[in-house]
Amino acid sequence: ENGSGKSTLMTSNGALNLAWSGDGKKHLCEDVLECQYVAMYERIGMKDLGAVLSCGRDEPFYKGMNSKIKMTRTRTLMQDGKCCDFVFDLEE
């Protein structure tokens with residue numbers, strides 16, 4: 001869901017289970033608790049590549065949407081973290 005209760009392309013069909021916090025305007029935290037992309041890469045025996053092909057594009061993707069978005073993440077499910085801990089801050 002995108003915070004408004006509506007699915008986005010990335011979350012459709014239960015692809016991601018998300019938990020949100022923050023003010024949603026200048027600071028947003030998004031924890032990905034379950035990810036079907038991880039499960040897919042595990043099924044085909046390419047989880048290491050998943051970190052490069054899927055997770056590695058996240059920061060440039062958000063920066064491309066808005067150059068003022070600063071995305072940080074300290075862990076991912078793809079690399080055996082307990083969640084993907086995205087933090088988004090809108091720079092002045």
# chains A, B, ... in the order shown; residues from 1 in each chain; ligands from 1
$ select_by_dssp --residues "stretch 10-82 of chain A" --states "strand (DSSP E)" --output "number ranges by chain"
A: 16-22, 27-35, 69-73
$ closest_atom_pairs --of "stretch 6-74 of chain A" --to "stretch 84-88 of chain A" --cutoff "7 Å" --atoms "only C-alpha atoms" --output "CSV"
residue,atom,partner,partner_atom,distance
A:His27,CA,A:Phe88,CA,5.7
A:Leu28,CA,A:Phe88,CA,5.1
A:Cys29,CA,A:Val87,CA,4.5
A:Glu30,CA,A:Phe86,CA,5.1
A:Asp31,CA,A:Asp85,CA,4.7
A:Val32,CA,A:Cys84,CA,4.9
A:Leu33,CA,A:Cys84,CA,6.9
A:Ile69,CA,A:Phe88,CA,6.5
A:Lys70,CA,A:Phe88,CA,5.6
A:Met71,CA,A:Phe88,CA,4.6
A:Thr72,CA,A:Val87,CA,5.2
A:Arg73,CA,A:Phe86,CA,4.8
A:Thr74,CA,A:Asp85,CA,6.4
$ write_last_selection --atoms "C-alpha atoms" --output "short mmCIF file (atom, residue, chain, number, x, y, z; two decimals), in the first residue's frame"
data_model
loop_
_atom_site.label_atom_id
_atom_site.label_comp_id
_atom_site.auth_asym_id
_atom_site.auth_seq_id
_atom_site.Cartn_x
_atom_site.Cartn_y
_atom_site.Cartn_z
CA HIS A 27 10.26 12.11 6.85
CA LEU A 28 8.98 8.62 6.14
CA CYS A 29 10.09 5.22 7.40
CA GLU A 30 9.05 2.13 5.49
CA ASP A 31 9.87 -1.35 6.72
CA VAL A 32 9.42 -4.13 4.20
CA LEU A 33 8.49 -7.11 6.37
CA ILE A 69 14.73 12.64 -1.70
CA LYS A 70 17.45 11.15 0.48
CA MET A 71 16.96 7.41 0.92
CA THR A 72 18.89 5.40 3.46
CA ARG A 73 18.68 1.71 4.28
CA THR A 74 20.86 -0.34 6.60
#
$ residues_around --residues "A:Gly56" --least-positions-apart "5" --cutoff "12 Å" --atoms "only C-alpha atoms" --output "short mmCIF file (atom, residue, chain, number, x, y, z; two decimals) with C-alpha atoms, in the first residue's frame"
data_model
loop_
_atom_site.label_atom_id
_atom_site.label_comp_id
_atom_site.auth_asym_id
_atom_site.auth_seq_id
_atom_site.Cartn_x
_atom_site.Cartn_y
_atom_site.Cartn_z
CA ASP A 48 22.77 -12.96 -4.54
CA LEU A 49 21.82 -11.48 -7.88
CA GLY A 50 18.54 -10.23 -6.43
CA ALA A 51 20.46 -7.86 -4.18
CA PHE A 61 14.99 5.05 -8.50
CA TYR A 62 13.91 7.40 -5.72
CA ARG A 73 18.68 1.71 4.28
CA ARG A 75 19.59 -3.83 5.81
CA THR A 76 17.50 -5.84 3.37
CA MET A 78 17.53 -10.08 0.32
CA GLN A 79 20.72 -9.99 2.40
#
$ atom_distance --atom1 "atom CA of A:Leu77" --atom2 "atom CA of A:Met65"
23.6 Å
$ residues_around --residues "A:Cys35" --least-positions-apart "6" --cutoff "12 Å" --atoms "only C-alpha atoms" --output "PyMOL selection string"
chain A and resi 10-18+41-42+50+54-55+76-84
$ write_last_selection --atoms "C-alpha atoms" --output "CSV table (one decimal), in the first residue's frame"
chain,number,residue,atom,x,y,z
A,10,MET,CA,5.3,-2.7,-6.5
A,11,THR,CA,2.8,-3.9,-3.8
A,12,SER,CA,0.1,-5.4,-6.0
A,13,ASN,CA,-0.8,-9.0,-5.5
A,14,GLY,CA,0.8,-9.1,-2.1
A,15,ALA,CA,4.3,-8.6,-3.4
A,16,LEU,CA,5.4,-6.6,-0.4
A,17,ASN,CA,4.1,-6.4,3.2
A,18,LEU,CA,4.9,-2.9,4.5
A,41,TYR,CA,15.1,-15.1,-6.4
A,42,GLU,CA,15.4,-17.9,-3.8
A,50,GLY,CA,18.5,-10.2,-6.4
A,54,SER,CA,16.3,-5.4,-7.4
A,55,CYS,CA,17.7,-3.9,-4.2
A,76,THR,CA,17.5,-5.8,3.4
A,77,LEU,CA,15.6,-9.1,3.4
A,78,MET,CA,17.5,-10.1,0.3
A,79,GLN,CA,20.7,-10.0,2.4
A,80,ASP,CA,19.1,-11.8,5.3
A,81,GLY,CA,18.1,-8.8,7.4
A,82,LYS,CA,14.9,-9.0,9.5
A,83,CYS,CA,13.4,-6.4,7.2
A,84,CYS,CA,14.3,-3.7,4.6
$ decode --residues "stretch 61-92 of chain A" --atoms "N, CA and C atoms" --output "mmCIF file, in the first residue's frame"
data_model
loop_
_atom_site.group_PDB
_atom_site.id
_atom_site.type_symbol
_atom_site.label_atom_id
_atom_site.label_comp_id
_atom_site.auth_asym_id
_atom_site.auth_seq_id
_atom_site.Cartn_x
_atom_site.Cartn_y
_atom_site.Cartn_z
ATOM 1 N N PHE A 61 16.404 4.915 -8.124
ATOM 2 C CA PHE A 61 14.993 5.047 -8.503
ATOM 3 C C PHE A 61 14.355 6.235 -7.791
ATOM 4 N N TYR A 62 14.519 6.304 -6.470
ATOM 5 C CA TYR A 62 13.906 7.400 -5.716
ATOM 6 C C TYR A 62 14.569 8.729 -6.016
ATOM 7 N N LYS A 63 15.880 8.742 -6.189
ATOM 8 C CA LYS A 63 16.591 9.971 -6.537
ATOM 9 C C LYS A 63 16.113 10.476 -7.898
ATOM 10 N N GLY A 64 15.815 9.545 -8.822
ATOM 11 C CA GLY A 64 15.307 9.927 -10.140
ATOM 12 C C GLY A 64 13.902 10.501 -10.085
ATOM 13 N N MET A 65 13.107 10.052 -9.116
ATOM 14 C CA MET A 65 11.748 10.594 -8.962
ATOM 15 C C MET A 65 11.792 12.030 -8.464
ATOM 16 N N ASN A 66 12.721 12.290 -7.527
ATOM 17 C CA ASN A 66 12.847 13.630 -6.954
ATOM 18 C C ASN A 66 14.251 13.740 -6.386
ATOM 19 N N SER A 67 15.062 14.605 -6.933
ATOM 20 C CA SER A 67 16.466 14.718 -6.521
ATOM 21 C C SER A 67 16.623 15.180 -5.070
ATOM 22 N N LYS A 68 15.541 15.654 -4.451
ATOM 23 C CA LYS A 68 15.613 16.088 -3.057
ATOM 24 C C LYS A 68 15.326 14.960 -2.065
ATOM 25 N N ILE A 69 14.980 13.778 -2.580
ATOM 26 C CA ILE A 69 14.727 12.639 -1.697
ATOM 27 C C ILE A 69 16.053 11.992 -1.322
ATOM 28 N N LYS A 70 16.283 11.878 -0.028
ATOM 29 C CA LYS A 70 17.451 11.154 0.478
ATOM 30 C C LYS A 70 16.934 9.838 1.047
ATOM 31 N N MET A 71 17.363 8.730 0.461
ATOM 32 C CA MET A 71 16.962 7.408 0.919
ATOM 33 C C MET A 71 18.136 6.751 1.618
ATOM 34 N N THR A 72 17.879 6.203 2.794
ATOM 35 C CA THR A 72 18.891 5.396 3.460
ATOM 36 C C THR A 72 18.269 4.058 3.823
ATOM 37 N N ARG A 73 19.126 3.056 3.909
ATOM 38 C CA ARG A 73 18.678 1.711 4.278
ATOM 39 C C ARG A 73 19.896 0.985 4.832
ATOM 40 N N THR A 74 19.730 0.344 5.988
ATOM 41 C CA THR A 74 20.864 -0.343 6.603
ATOM 42 C C THR A 74 20.830 -1.846 6.414
ATOM 43 N N ARG A 75 19.677 -2.382 5.995
ATOM 44 C CA ARG A 75 19.586 -3.834 5.814
ATOM 45 C C ARG A 75 18.458 -4.158 4.837
ATOM 46 N N THR A 76 18.536 -5.354 4.269
ATOM 47 C CA THR A 76 17.497 -5.837 3.366
ATOM 48 C C THR A 76 17.173 -7.294 3.676
ATOM 49 N N LEU A 77 15.982 -7.687 3.348
ATOM 50 C CA LEU A 77 15.585 -9.092 3.441
ATOM 51 C C LEU A 77 16.419 -9.940 2.481
ATOM 52 N N MET A 78 16.757 -9.367 1.339
ATOM 53 C CA MET A 78 17.526 -10.085 0.321
ATOM 54 C C MET A 78 18.891 -10.493 0.863
ATOM 55 N N GLN A 79 19.418 -9.685 1.800
ATOM 56 C CA GLN A 79 20.725 -9.989 2.397
ATOM 57 C C GLN A 79 20.548 -10.472 3.832
ATOM 58 N N ASP A 80 19.423 -11.156 4.079
ATOM 59 C CA ASP A 80 19.122 -11.843 5.334
ATOM 60 C C ASP A 80 18.878 -10.933 6.534
ATOM 61 N N GLY A 81 18.516 -9.678 6.306
ATOM 62 C CA GLY A 81 18.093 -8.798 7.392
ATOM 63 C C GLY A 81 16.688 -9.178 7.840
ATOM 64 N N LYS A 82 16.279 -8.683 9.016
ATOM 65 C CA LYS A 82 14.927 -8.995 9.495
ATOM 66 C C LYS A 82 13.859 -8.216 8.730
ATOM 67 N N CYS A 83 14.267 -7.146 8.045
ATOM 68 C CA CYS A 83 13.388 -6.366 7.187
ATOM 69 C C CYS A 83 14.257 -5.492 6.292
ATOM 70 N N CYS A 84 13.630 -4.805 5.366
ATOM 71 C CA CYS A 84 14.296 -3.745 4.610
ATOM 72 C C CYS A 84 13.865 -2.447 5.284
ATOM 73 N N ASP A 85 14.805 -1.716 5.819
ATOM 74 C CA ASP A 85 14.470 -0.538 6.640
ATOM 75 C C ASP A 85 14.730 0.763 5.885
ATOM 76 N N PHE A 86 13.830 1.099 4.995
ATOM 77 C CA PHE A 86 13.945 2.334 4.220
ATOM 78 C C PHE A 86 13.633 3.542 5.110
ATOM 79 N N VAL A 87 14.424 4.593 4.931
ATOM 80 C CA VAL A 87 14.140 5.888 5.536
ATOM 81 C C VAL A 87 14.257 6.914 4.420
ATOM 82 N N PHE A 88 13.211 7.722 4.268
ATOM 83 C CA PHE A 88 13.181 8.764 3.256
ATOM 84 C C PHE A 88 13.089 10.120 3.921
ATOM 85 N N ASP A 89 13.966 11.016 3.535
ATOM 86 C CA ASP A 89 13.927 12.394 4.024
ATOM 87 C C ASP A 89 13.911 13.321 2.820
ATOM 88 N N LEU A 90 13.032 14.309 2.879
ATOM 89 C CA LEU A 90 12.956 15.304 1.814
ATOM 90 C C LEU A 90 13.839 16.476 2.220
ATOM 91 N N GLU A 91 14.899 16.668 1.456
ATOM 92 C CA GLU A 91 15.841 17.748 1.756
ATOM 93 C C GLU A 91 15.259 19.088 1.349
ATOM 94 N N GLU A 92 15.672 20.119 2.058
ATOM 95 C CA GLU A 92 15.195 21.487 1.760
ATOM 96 C C GLU A 92 15.736 21.965 0.428
#
